[in-house]
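Text of input_5.pdb, listed as PDB, C-alpha atoms:
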```pdb
ATOM      1  CA  MET A   1     -34.308 -60.723 -14.747  1.00  0.00           C
ATOM      2  CA  LYS A   2     -36.989 -58.042 -14.903  1.00  0.00           C
ATOM      3  CA  PHE A   3     -35.337 -56.110 -12.061  1.00  0.00           C
ATOM      4  CA  SER A   4     -31.957 -55.963 -13.827  1.00  0.00           C
ATOM      5  CA  THR A   5     -33.613 -54.824 -17.073  1.00  0.00           C
ATOM      6  CA  LEU A   6     -35.510 -52.143 -15.148  1.00  0.00           C
ATOM      7  CA  ALA A   7     -32.310 -51.027 -13.347  1.00  0.00           C
ATOM      8  CA  LEU A   8     -30.428 -50.840 -16.649  1.00  0.00           C
ATOM      9  CA  ALA A   9     -33.214 -48.800 -18.268  1.00  0.00           C
ATOM     10  CA  ALA A  10     -33.312 -46.404 -15.286  1.00  0.00           C
ATOM     11  CA  THR A  11     -29.535 -45.944 -15.419  1.00  0.00           C
ATOM     12  CA  LEU A  12     -29.633 -45.187 -19.144  1.00  0.00           C
ATOM     13  CA  ALA A  13     -32.519 -42.750 -18.718  1.00  0.00           C
ATOM     14  CA  LEU A  14     -30.718 -40.867 -15.965  1.00  0.00           C
ATOM     15  CA  GLY A  15     -27.456 -40.821 -17.945  1.00  0.00           C
ATOM     16  CA  ALA A  16     -29.172 -39.409 -21.032  1.00  0.00           C
ATOM     17  CA  GLY A  17     -30.310 -36.315 -19.148  1.00  0.00           C
ATOM     18  CA  VAL A  18     -26.865 -35.261 -17.904  1.00  0.00           C
ATOM     19  CA  ALA A  19     -26.392 -31.524 -17.619  1.00  0.00           C
ATOM     20  CA  GLN A  20     -23.298 -29.482 -16.879  1.00  0.00           C
ATOM     21  CA  ALA A  21     -22.928 -25.880 -15.798  1.00  0.00           C
ATOM     22  CA  ALA A  22     -19.793 -23.920 -15.006  1.00  0.00           C
ATOM     23  CA  THR A  23     -19.209 -20.352 -13.882  1.00  0.00           C
ATOM     24  CA  TYR A  24     -16.076 -18.513 -14.974  1.00  0.00           C
ATOM     25  CA  ASN A  25     -15.275 -15.265 -13.118  1.00  0.00           C
ATOM     26  CA  LEU A  26     -12.765 -13.336 -15.210  1.00  0.00           C
ATOM     27  CA  GLY A  27     -12.615 -10.146 -13.106  1.00  0.00           C
ATOM     28  CA  ASP A  28     -11.750  -6.786 -14.706  1.00  0.00           C
ATOM     29  CA  ILE A  29     -10.657  -7.441 -18.289  1.00  0.00           C
ATOM     30  CA  THR A  30     -10.540  -3.815 -19.497  1.00  0.00           C
ATOM     31  CA  ALA A  31      -6.773  -3.855 -20.073  1.00  0.00           C
ATOM     32  CA  THR A  32      -6.244  -7.527 -20.932  1.00  0.00           C
ATOM     33  CA  GLY A  33      -9.269  -9.083 -22.607  1.00  0.00           C
ATOM     34  CA  ALA A  34      -9.670 -12.827 -22.109  1.00  0.00           C
ATOM     35  CA  LEU A  35      -9.048 -16.112 -23.923  1.00  0.00           C
ATOM     36  CA  GLN A  36      -9.949 -19.394 -22.264  1.00  0.00           C
ATOM     37  CA  ASN A  37     -11.284 -22.862 -23.136  1.00  0.00           C
ATOM     38  CA  SER A  38     -14.426 -24.226 -21.527  1.00  0.00           C
ATOM     39  CA  ALA A  39     -14.342 -27.429 -19.518  1.00  0.00           C
ATOM     40  CA  PRO A  40     -14.672 -30.537 -21.742  1.00  0.00           C
ATOM     41  CA  PHE A  41     -18.113 -32.082 -22.208  1.00  0.00           C
ATOM     42  CA  GLY A  42     -19.168 -35.709 -22.650  1.00  0.00           C
ATOM     43  CA  ASN A  43     -21.327 -36.942 -25.518  1.00  0.00           C
ATOM     44  CA  GLY A  44     -24.973 -35.878 -25.141  1.00  0.00           C
ATOM     45  CA  VAL A  45     -24.269 -33.454 -22.294  1.00  0.00           C
ATOM     46  CA  SER A  46     -26.432 -30.342 -22.146  1.00  0.00           C
ATOM     47  CA  PHE A  47     -24.379 -27.388 -20.915  1.00  0.00           C
ATOM     48  CA  SER A  48     -25.029 -23.836 -19.780  1.00  0.00           C
ATOM     49  CA  ASP A  49     -21.887 -21.916 -18.829  1.00  0.00           C
ATOM     50  CA  THR A  50     -21.779 -18.438 -17.318  1.00  0.00           C
ATOM     51  CA  TRP A  51     -18.878 -16.051 -17.989  1.00  0.00           C
ATOM     52  CA  ASN A  52     -18.761 -13.006 -15.663  1.00  0.00           C
ATOM     53  CA  PHE A  53     -16.469 -10.037 -16.243  1.00  0.00           C
ATOM     54  CA  THR A  54     -16.132  -6.338 -15.522  1.00  0.00           C
ATOM     55  CA  LEU A  55     -15.201  -3.408 -17.738  1.00  0.00           C
ATOM     56  CA  SER A  56     -13.872  -0.465 -15.715  1.00  0.00           C
ATOM     57  CA  SER A  57     -14.161   2.066 -18.546  1.00  0.00           C
ATOM     58  CA  PHE A  58     -16.026   2.735 -21.777  1.00  0.00           C
ATOM     59  CA  SER A  59     -14.582   0.283 -24.307  1.00  0.00           C
ATOM     60  CA  ASP A  60     -14.866  -1.258 -27.743  1.00  0.00           C
ATOM     61  CA  ALA A  61     -15.498  -4.956 -27.136  1.00  0.00           C
ATOM     62  CA  SER A  62     -15.501  -7.940 -29.475  1.00  0.00           C
ATOM     63  CA  VAL A  63     -16.687 -11.389 -28.315  1.00  0.00           C
ATOM     64  CA  LEU A  64     -15.795 -14.570 -30.224  1.00  0.00           C
ATOM     65  CA  ILE A  65     -16.865 -18.008 -28.993  1.00  0.00           C
ATOM     66  CA  SER A  66     -15.696 -20.774 -31.309  1.00  0.00           C
ATOM     67  CA  ALA A  67     -15.951 -24.551 -31.588  1.00  0.00           C
ATOM     68  CA  ASN A  68     -14.002 -26.634 -34.104  1.00  0.00           C
ATOM     69  CA  PHE A  69     -14.732 -30.237 -35.040  1.00  0.00           C
ATOM     70  CA  SER A  70     -13.600 -32.804 -37.596  1.00  0.00           C
ATOM     71  CA  ARG A  71     -17.030 -33.856 -38.871  1.00  0.00           C
ATOM     72  CA  PRO A  72     -20.320 -31.904 -39.154  1.00  0.00           C
ATOM     73  CA  GLU A  73     -22.188 -34.392 -36.949  1.00  0.00           C
ATOM     74  CA  PHE A  74     -19.874 -33.436 -34.071  1.00  0.00           C
ATOM     75  CA  ALA A  75     -21.161 -29.835 -34.017  1.00  0.00           C
ATOM     76  CA  PHE A  76     -22.911 -28.613 -30.880  1.00  0.00           C
ATOM     77  CA  SER A  77     -26.703 -28.737 -31.034  1.00  0.00           C
ATOM     78  CA  ASN A  78     -28.580 -25.581 -30.034  1.00  0.00           C
ATOM     79  CA  PHE A  79     -25.279 -23.672 -29.661  1.00  0.00           C
ATOM     80  CA  GLN A  80     -26.163 -20.158 -28.492  1.00  0.00           C
ATOM     81  CA  ALA A  81     -24.998 -17.311 -26.283  1.00  0.00           C
ATOM     82  CA  THR A  82     -26.464 -14.164 -24.759  1.00  0.00           C
ATOM     83  CA  ILE A  83     -24.845 -11.116 -23.180  1.00  0.00           C
ATOM     84  CA  SER A  84     -26.415  -9.078 -20.399  1.00  0.00           C
ATOM     85  CA  GLY A  85     -25.436  -6.352 -17.949  1.00  0.00           C
ATOM     86  CA  GLY A  86     -23.866  -2.935 -18.435  1.00  0.00           C
ATOM     87  CA  ALA A  87     -25.365  -1.442 -21.608  1.00  0.00           C
ATOM     88  CA  PHE A  88     -27.745  -4.411 -22.081  1.00  0.00           C
ATOM     89  CA  PRO A  89     -30.819  -4.155 -19.815  1.00  0.00           C
ATOM     90  CA  ALA A  90     -32.133  -7.424 -21.319  1.00  0.00           C
ATOM     91  CA  PRO A  91     -30.083 -10.381 -22.591  1.00  0.00           C
ATOM     92  CA  GLU A  92     -29.023  -9.936 -26.220  1.00  0.00           C
ATOM     93  CA  ALA A  93     -28.165 -12.918 -28.447  1.00  0.00           C
ATOM     94  CA  LEU A  94     -24.792 -13.246 -30.140  1.00  0.00           C
ATOM     95  CA  ASN A  95     -24.745 -14.092 -33.883  1.00  0.00           C
ATOM     96  CA  LEU A  96     -24.126 -17.720 -34.903  1.00  0.00           C
ATOM     97  CA  THR A  97     -22.060 -18.608 -37.994  1.00  0.00           C
ATOM     98  CA  SER A  98     -21.639 -22.290 -38.887  1.00  0.00           C
ATOM     99  CA  GLY A  99     -19.526 -24.188 -41.381  1.00  0.00           C
ATOM    100  CA  SER A 100     -18.683 -27.830 -42.031  1.00  0.00           C
ATOM    101  CA  SER A 101     -15.958 -27.810 -39.354  1.00  0.00           C
ATOM    102  CA  PHE A 102     -16.705 -24.839 -37.096  1.00  0.00           C
ATOM    103  CA  GLN A 103     -19.320 -22.867 -35.198  1.00  0.00           C
ATOM    104  CA  ILE A 104     -18.766 -19.252 -34.143  1.00  0.00           C
ATOM    105  CA  LEU A 105     -20.853 -17.078 -31.847  1.00  0.00           C
ATOM    106  CA  GLU A 106     -19.843 -13.444 -32.169  1.00  0.00           C
ATOM    107  CA  GLY A 107     -20.769  -9.898 -31.315  1.00  0.00           C
ATOM    108  CA  ALA A 108     -19.045  -6.525 -31.191  1.00  0.00           C
ATOM    109  CA  GLY A 109     -19.765  -2.976 -30.157  1.00  0.00           C
ATOM    110  CA  GLN A 110     -19.139  -0.277 -27.623  1.00  0.00           C
ATOM    111  CA  ALA A 111     -19.720  -1.139 -23.987  1.00  0.00           C
ATOM    112  CA  ILE A 112     -20.043   1.127 -20.982  1.00  0.00           C
ATOM    113  CA  ALA A 113     -18.246   0.429 -17.731  1.00  0.00           C
ATOM    114  CA  GLY A 114     -20.026  -2.200 -15.666  1.00  0.00           C
ATOM    115  CA  ASN A 115     -20.504  -5.863 -14.894  1.00  0.00           C
ATOM    116  CA  TYR A 116     -21.382  -8.238 -17.743  1.00  0.00           C
ATOM    117  CA  THR A 117     -22.503 -11.846 -18.054  1.00  0.00           C
ATOM    118  CA  ILE A 118     -22.300 -14.037 -21.142  1.00  0.00           C
ATOM    119  CA  THR A 119     -24.225 -17.308 -21.001  1.00  0.00           C
ATOM    120  CA  VAL A 120     -23.191 -20.034 -23.467  1.00  0.00           C
ATOM    121  CA  SER A 121     -25.360 -23.124 -23.897  1.00  0.00           C
ATOM    122  CA  GLY A 122     -25.816 -26.129 -26.144  1.00  0.00           C
ATOM    123  CA  ILE A 123     -25.645 -29.907 -26.336  1.00  0.00           C
ATOM    124  CA  SER A 124     -22.387 -31.759 -26.968  1.00  0.00           C
ATOM    125  CA  ASN A 125     -22.457 -34.385 -29.729  1.00  0.00           C
ATOM    126  CA  ARG A 126     -19.139 -36.097 -28.916  1.00  0.00           C
ATOM    127  CA  ASN A 127     -16.868 -36.814 -25.959  1.00  0.00           C
ATOM    128  CA  ASN A 128     -14.240 -34.272 -24.887  1.00  0.00           C
ATOM    129  CA  SER A 129     -15.774 -31.436 -26.885  1.00  0.00           C
ATOM    130  CA  PHE A 130     -15.187 -27.857 -25.757  1.00  0.00           C
ATOM    131  CA  TYR A 131     -15.379 -24.316 -27.044  1.00  0.00           C
ATOM    132  CA  THR A 132     -13.003 -21.371 -26.799  1.00  0.00           C
ATOM    133  CA  PHE A 133     -14.218 -18.130 -25.211  1.00  0.00           C
ATOM    134  CA  GLY A 134     -12.435 -14.972 -26.312  1.00  0.00           C
ATOM    135  CA  ILE A 135     -13.101 -11.304 -25.740  1.00  0.00           C
ATOM    136  CA  ASP A 136     -10.964  -8.460 -27.039  1.00  0.00           C
ATOM    137  CA  VAL A 137     -11.315  -5.125 -25.269  1.00  0.00           C
ATOM    138  CA  THR A 138      -9.930  -1.756 -26.357  1.00  0.00           C
ATOM    139  CA  PRO A 139     -10.586   1.121 -23.959  1.00  0.00           C
ATOM    140  CA  VAL A 140     -11.906   4.250 -25.684  1.00  0.00           C
ATOM    141  CA  PRO A 141      -9.909   7.332 -24.612  1.00  0.00           C
ATOM    142  CA  GLU A 142     -11.708  10.013 -22.608  1.00  0.00           C
ATOM    143  CA  PRO A 143     -12.043  13.486 -24.179  1.00  0.00           C
ATOM    144  CA  SER A 144      -9.516  14.806 -21.636  1.00  0.00           C
ATOM    145  CA  SER A 145      -6.939  12.386 -23.077  1.00  0.00           C
ATOM    146  CA  TYR A 146      -7.421  13.933 -26.515  1.00  0.00           C
ATOM    147  CA  ALA A 147      -7.064  17.434 -25.009  1.00  0.00           C
ATOM    148  CA  LEU A 148      -3.801  16.404 -23.337  1.00  0.00           C
ATOM    149  CA  LEU A 149      -2.540  14.932 -26.636  1.00  0.00           C
ATOM    150  CA  MET A 150      -3.347  18.156 -28.496  1.00  0.00           C
ATOM    151  CA  ALA A 151      -1.629  20.266 -25.810  1.00  0.00           C
ATOM    152  CA  GLY A 152       1.478  18.054 -26.051  1.00  0.00           C
ATOM    153  CA  LEU A 153       1.571  18.354 -29.824  1.00  0.00           C
ATOM    154  CA  GLY A 154       1.217  22.135 -29.487  1.00  0.00           C
ATOM    155  CA  VAL A 155       4.207  22.297 -27.133  1.00  0.00           C
ATOM    156  CA  VAL A 156       6.300  20.143 -29.511  1.00  0.00           C
ATOM    157  CA  GLY A 157       5.325  22.424 -32.426  1.00  0.00           C
ATOM    158  CA  PHE A 158       6.170  25.542 -30.410  1.00  0.00           C
ATOM    159  CA  MET A 159       9.573  24.121 -29.462  1.00  0.00           C
ATOM    160  CA  ALA A 160      10.317  23.169 -33.107  1.00  0.00           C
ATOM    161  CA  ARG A 161       9.374  26.626 -34.324  1.00  0.00           C
ATOM    162  CA  ARG A 162      11.454  28.297 -31.602  1.00  0.00           C
ATOM    163  CA  SER A 163      14.526  26.203 -32.450  1.00  0.00           C
ATOM    164  CA  ARG A 164      14.199  27.146 -36.173  1.00  0.00           C
ATOM    165  CA  LYS A 165      14.277  30.871 -35.329  1.00  0.00           C
ATOM    166  CA  ARG A 166      17.656  30.571 -33.617  1.00  0.00           C
TER
END
```

Encoded form (structure tokens):
Amino acid sequence: MKFSTLALAATLALGAGVAQAATYNLGDITATGALQNSAPFGNGVSFSDTWNFTLSSFSDASVLISANFSRPEFAFSNFQATISGGAFPAPEALNLTSGSSFQILEGAGQAIAGNYTITVSGISNRNNSFYTFGIDVTPVPEPSSYALLMAGLGVVGFMARRSRKR
């Protein structure tokens, strides 16, 4: 009897410390951005996911990581994220906003070309919970693009003026 109680206690202790980690390699997202759900987590699972991506040009980037739930007690515990790489020599935390039915980790700014990593971690408080990872990227035009635009507008203006003289 003591052995079965000890075996049950050991099984429960090992099950309580379950951890999950996933790596998502998104590739170059400069032109497309990304929107993807994480893998589902079980109740009490500690997770630490890594999202790797590349920006091939200077861009405006906006990261939004969101979790929705039906009751406040289902929220992730210790829900946090950091971004590193490219313009960030050290990991920088994303801002957390919480409500009665949602949690959002967000950050926005200009990012140089390079490789980036966003690490998302927390503890799930229900079965089949997940979060949605989204990043919106808008490439910032190079100064030569503006020069080409101005030259094109000048040619259109010249042609309009020439046609009026005829």

Kindly give the distance, in Å, that separates CA of Glu92 in chain A and CA of Phe69 in chain A, rounded to a single decimal.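 Spanning CA of Glu92 in chain A to CA of Phe69 in chain A is a straight-line distance of 26.3 Å.
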
Contact residues around Tyr24 in chain A with only C-alpha atoms at 9 Å, ignoring same-chain residues under 4 positions, as JSON, numbers by chain: {"A": [38, 49, 50, 51, 52, 53]}

Give me the result of the PyMOL selection byres ((chain A and resi 137) around 12) on this file, residue by residue, as a short mmCIF file (atom, residue, chain, number, x, y, z; two decimals) with C-alpha atoms, in the frame of the given file.
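Now in result-v8.cif:
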```cif
data_model
loop_
_atom_site.label_atom_id
_atom_site.label_comp_id
_atom_site.auth_asym_id
_atom_site.auth_seq_id
_atom_site.Cartn_x
_atom_site.Cartn_y
_atom_site.Cartn_z
CA ASP A 28 -11.75 -6.79 -14.71
CA ILE A 29 -10.66 -7.44 -18.29
CA THR A 30 -10.54 -3.82 -19.50
CA ALA A 31 -6.77 -3.86 -20.07
CA THR A 32 -6.24 -7.53 -20.93
CA GLY A 33 -9.27 -9.08 -22.61
CA ALA A 34 -9.67 -12.83 -22.11
CA LEU A 35 -9.05 -16.11 -23.92
CA PHE A 53 -16.47 -10.04 -16.24
CA THR A 54 -16.13 -6.34 -15.52
CA LEU A 55 -15.20 -3.41 -17.74
CA SER A 56 -13.87 -0.46 -15.72
CA SER A 57 -14.16 2.07 -18.55
CA PHE A 58 -16.03 2.74 -21.78
CA SER A 59 -14.58 0.28 -24.31
CA ASP A 60 -14.87 -1.26 -27.74
CA ALA A 61 -15.50 -4.96 -27.14
CA SER A 62 -15.50 -7.94 -29.48
CA VAL A 63 -16.69 -11.39 -28.32
CA LEU A 64 -15.80 -14.57 -30.22
CA ALA A 108 -19.05 -6.52 -31.19
CA GLY A 109 -19.76 -2.98 -30.16
CA GLN A 110 -19.14 -0.28 -27.62
CA ALA A 111 -19.72 -1.14 -23.99
CA ILE A 112 -20.04 1.13 -20.98
CA ALA A 113 -18.25 0.43 -17.73
CA GLY A 134 -12.44 -14.97 -26.31
CA ILE A 135 -13.10 -11.30 -25.74
CA ASP A 136 -10.96 -8.46 -27.04
CA THR A 138 -9.93 -1.76 -26.36
CA PRO A 139 -10.59 1.12 -23.96
CA VAL A 140 -11.91 4.25 -25.68
#
```

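Closest approach to Val45 in chain A among A:Gly152, A:Gly122, A:Gly27, A:Gly157 is made by A:Gly122 (distances from only C-alpha atoms).
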
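The space separating CA of Ser124 in chain A from CA of Pro40 in chain A comes to 9.4 Å.
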
Evaluate the PyMOL selection byres ((chain A and resi 36) around 6) on the structure here and hand back the selected residues as a ChimeraX atom specification. /A:35,37,132-133

Go through A:Asn95, A:Ser101, A:Ser46, A:Ser129 and flag the residue nearest Ala81 in chain A, using only C-alpha atoms for the distances.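 Looking at the shortest contact to Ala81 in chain A, the residue is A:Asn95.
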
So how far away is CA of Pro72 in chain A from CA of Gly99 in chain A, in Å?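 About the pair CA of Gly99 in chain A and CA of Pro72 in chain A: they are 8.1 Å apart.
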
Complete range 101-132 of chain A with N, CA and C atoms (output as a PDB file, in the frame of the given file).
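The resulting selection_11.pdb:
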```pdb
ATOM      1  N   SER A 101     -16.884 -27.396 -40.410  1.00  0.00           N
ATOM      2  CA  SER A 101     -15.958 -27.810 -39.354  1.00  0.00           C
ATOM      3  C   SER A 101     -15.845 -26.784 -38.221  1.00  0.00           C
ATOM      4  N   PHE A 102     -16.783 -25.839 -38.157  1.00  0.00           N
ATOM      5  CA  PHE A 102     -16.705 -24.839 -37.096  1.00  0.00           C
ATOM      6  C   PHE A 102     -18.078 -24.247 -36.795  1.00  0.00           C
ATOM      7  N   GLN A 103     -18.184 -23.679 -35.603  1.00  0.00           N
ATOM      8  CA  GLN A 103     -19.320 -22.867 -35.198  1.00  0.00           C
ATOM      9  C   GLN A 103     -18.745 -21.651 -34.473  1.00  0.00           C
ATOM     10  N   ILE A 104     -19.257 -20.470 -34.786  1.00  0.00           N
ATOM     11  CA  ILE A 104     -18.766 -19.252 -34.143  1.00  0.00           C
ATOM     12  C   ILE A 104     -19.956 -18.431 -33.663  1.00  0.00           C
ATOM     13  N   LEU A 105     -19.908 -18.038 -32.413  1.00  0.00           N
ATOM     14  CA  LEU A 105     -20.853 -17.078 -31.847  1.00  0.00           C
ATOM     15  C   LEU A 105     -20.076 -15.784 -31.683  1.00  0.00           C
ATOM     16  N   GLU A 106     -20.619 -14.681 -32.220  1.00  0.00           N
ATOM     17  CA  GLU A 106     -19.843 -13.444 -32.169  1.00  0.00           C
ATOM     18  C   GLU A 106     -20.740 -12.230 -31.981  1.00  0.00           C
ATOM     19  N   GLY A 107     -20.117 -11.180 -31.479  1.00  0.00           N
ATOM     20  CA  GLY A 107     -20.769  -9.898 -31.315  1.00  0.00           C
ATOM     21  C   GLY A 107     -19.718  -8.843 -31.034  1.00  0.00           C
ATOM     22  N   ALA A 108     -20.004  -7.605 -31.413  1.00  0.00           N
ATOM     23  CA  ALA A 108     -19.045  -6.525 -31.191  1.00  0.00           C
ATOM     24  C   ALA A 108     -19.797  -5.216 -31.036  1.00  0.00           C
ATOM     25  N   GLY A 109     -19.170  -4.297 -30.321  1.00  0.00           N
ATOM     26  CA  GLY A 109     -19.765  -2.976 -30.157  1.00  0.00           C
ATOM     27  C   GLY A 109     -19.118  -2.228 -29.020  1.00  0.00           C
ATOM     28  N   GLN A 110     -19.662  -1.067 -28.725  1.00  0.00           N
ATOM     29  CA  GLN A 110     -19.139  -0.277 -27.623  1.00  0.00           C
ATOM     30  C   GLN A 110     -19.891  -0.647 -26.346  1.00  0.00           C
ATOM     31  N   ALA A 111     -19.152  -0.730 -25.267  1.00  0.00           N
ATOM     32  CA  ALA A 111     -19.720  -1.139 -23.987  1.00  0.00           C
ATOM     33  C   ALA A 111     -19.341  -0.135 -22.908  1.00  0.00           C
ATOM     34  N   ILE A 112     -20.314   0.219 -22.095  1.00  0.00           N
ATOM     35  CA  ILE A 112     -20.043   1.127 -20.982  1.00  0.00           C
ATOM     36  C   ILE A 112     -19.397   0.352 -19.842  1.00  0.00           C
ATOM     37  N   ALA A 113     -18.830   1.082 -18.901  1.00  0.00           N
ATOM     38  CA  ALA A 113     -18.246   0.429 -17.731  1.00  0.00           C
ATOM     39  C   ALA A 113     -19.352  -0.288 -16.966  1.00  0.00           C
ATOM     40  N   GLY A 114     -19.038  -1.456 -16.442  1.00  0.00           N
ATOM     41  CA  GLY A 114     -20.026  -2.200 -15.666  1.00  0.00           C
ATOM     42  C   GLY A 114     -19.720  -3.676 -15.628  1.00  0.00           C
ATOM     43  N   ASN A 115     -20.624  -4.412 -15.009  1.00  0.00           N
ATOM     44  CA  ASN A 115     -20.504  -5.863 -14.894  1.00  0.00           C
ATOM     45  C   ASN A 115     -21.315  -6.521 -16.005  1.00  0.00           C
ATOM     46  N   TYR A 116     -20.747  -7.551 -16.630  1.00  0.00           N
ATOM     47  CA  TYR A 116     -21.382  -8.238 -17.743  1.00  0.00           C
ATOM     48  C   TYR A 116     -21.405  -9.739 -17.495  1.00  0.00           C
ATOM     49  N   THR A 117     -22.389 -10.396 -18.106  1.00  0.00           N
ATOM     50  CA  THR A 117     -22.503 -11.846 -18.054  1.00  0.00           C
ATOM     51  C   THR A 117     -22.790 -12.354 -19.459  1.00  0.00           C
ATOM     52  N   ILE A 118     -22.025 -13.346 -19.887  1.00  0.00           N
ATOM     53  CA  ILE A 118     -22.300 -14.037 -21.142  1.00  0.00           C
ATOM     54  C   ILE A 118     -22.626 -15.479 -20.785  1.00  0.00           C
ATOM     55  N   THR A 119     -23.791 -15.935 -21.247  1.00  0.00           N
ATOM     56  CA  THR A 119     -24.225 -17.308 -21.001  1.00  0.00           C
ATOM     57  C   THR A 119     -24.124 -18.078 -22.306  1.00  0.00           C
ATOM     58  N   VAL A 120     -23.393 -19.193 -22.287  1.00  0.00           N
ATOM     59  CA  VAL A 120     -23.191 -20.034 -23.467  1.00  0.00           C
ATOM     60  C   VAL A 120     -23.847 -21.384 -23.183  1.00  0.00           C
ATOM     61  N   SER A 121     -24.675 -21.850 -24.120  1.00  0.00           N
ATOM     62  CA  SER A 121     -25.360 -23.124 -23.897  1.00  0.00           C
ATOM     63  C   SER A 121     -25.425 -23.937 -25.178  1.00  0.00           C
ATOM     64  N   GLY A 122     -25.689 -25.221 -25.014  1.00  0.00           N
ATOM     65  CA  GLY A 122     -25.816 -26.129 -26.144  1.00  0.00           C
ATOM     66  C   GLY A 122     -25.816 -27.566 -25.673  1.00  0.00           C
ATOM     67  N   ILE A 123     -25.705 -28.477 -26.630  1.00  0.00           N
ATOM     68  CA  ILE A 123     -25.645 -29.907 -26.336  1.00  0.00           C
ATOM     69  C   ILE A 123     -24.447 -30.471 -27.102  1.00  0.00           C
ATOM     70  N   SER A 124     -23.584 -31.161 -26.370  1.00  0.00           N
ATOM     71  CA  SER A 124     -22.387 -31.759 -26.968  1.00  0.00           C
ATOM     72  C   SER A 124     -22.768 -33.013 -27.739  1.00  0.00           C
ATOM     73  N   ASN A 125     -22.174 -33.203 -28.917  1.00  0.00           N
ATOM     74  CA  ASN A 125     -22.457 -34.385 -29.729  1.00  0.00           C
ATOM     75  C   ASN A 125     -21.255 -35.317 -29.869  1.00  0.00           C
ATOM     76  N   ARG A 126     -20.276 -35.179 -28.963  1.00  0.00           N
ATOM     77  CA  ARG A 126     -19.139 -36.097 -28.916  1.00  0.00           C
ATOM     78  C   ARG A 126     -18.446 -35.928 -27.568  1.00  0.00           C
ATOM     79  N   ASN A 127     -17.623 -36.901 -27.208  1.00  0.00           N
ATOM     80  CA  ASN A 127     -16.868 -36.814 -25.959  1.00  0.00           C
ATOM     81  C   ASN A 127     -15.728 -35.816 -26.094  1.00  0.00           C
ATOM     82  N   ASN A 128     -15.366 -35.211 -24.976  1.00  0.00           N
ATOM     83  CA  ASN A 128     -14.240 -34.272 -24.887  1.00  0.00           C
ATOM     84  C   ASN A 128     -14.382 -33.067 -25.804  1.00  0.00           C
ATOM     85  N   SER A 129     -15.593 -32.647 -26.093  1.00  0.00           N
ATOM     86  CA  SER A 129     -15.774 -31.436 -26.885  1.00  0.00           C
ATOM     87  C   SER A 129     -15.698 -30.223 -25.969  1.00  0.00           C
ATOM     88  N   PHE A 130     -15.294 -29.100 -26.513  1.00  0.00           N
ATOM     89  CA  PHE A 130     -15.187 -27.857 -25.757  1.00  0.00           C
ATOM     90  C   PHE A 130     -15.278 -26.701 -26.731  1.00  0.00           C
ATOM     91  N   TYR A 131     -15.406 -25.514 -26.209  1.00  0.00           N
ATOM     92  CA  TYR A 131     -15.379 -24.316 -27.044  1.00  0.00           C
ATOM     93  C   TYR A 131     -14.359 -23.355 -26.459  1.00  0.00           C
ATOM     94  N   THR A 132     -13.959 -22.386 -27.246  1.00  0.00           N
ATOM     95  CA  THR A 132     -13.003 -21.371 -26.799  1.00  0.00           C
ATOM     96  C   THR A 132     -13.735 -20.046 -26.668  1.00  0.00           C
TER      97      THR A 132
END
```
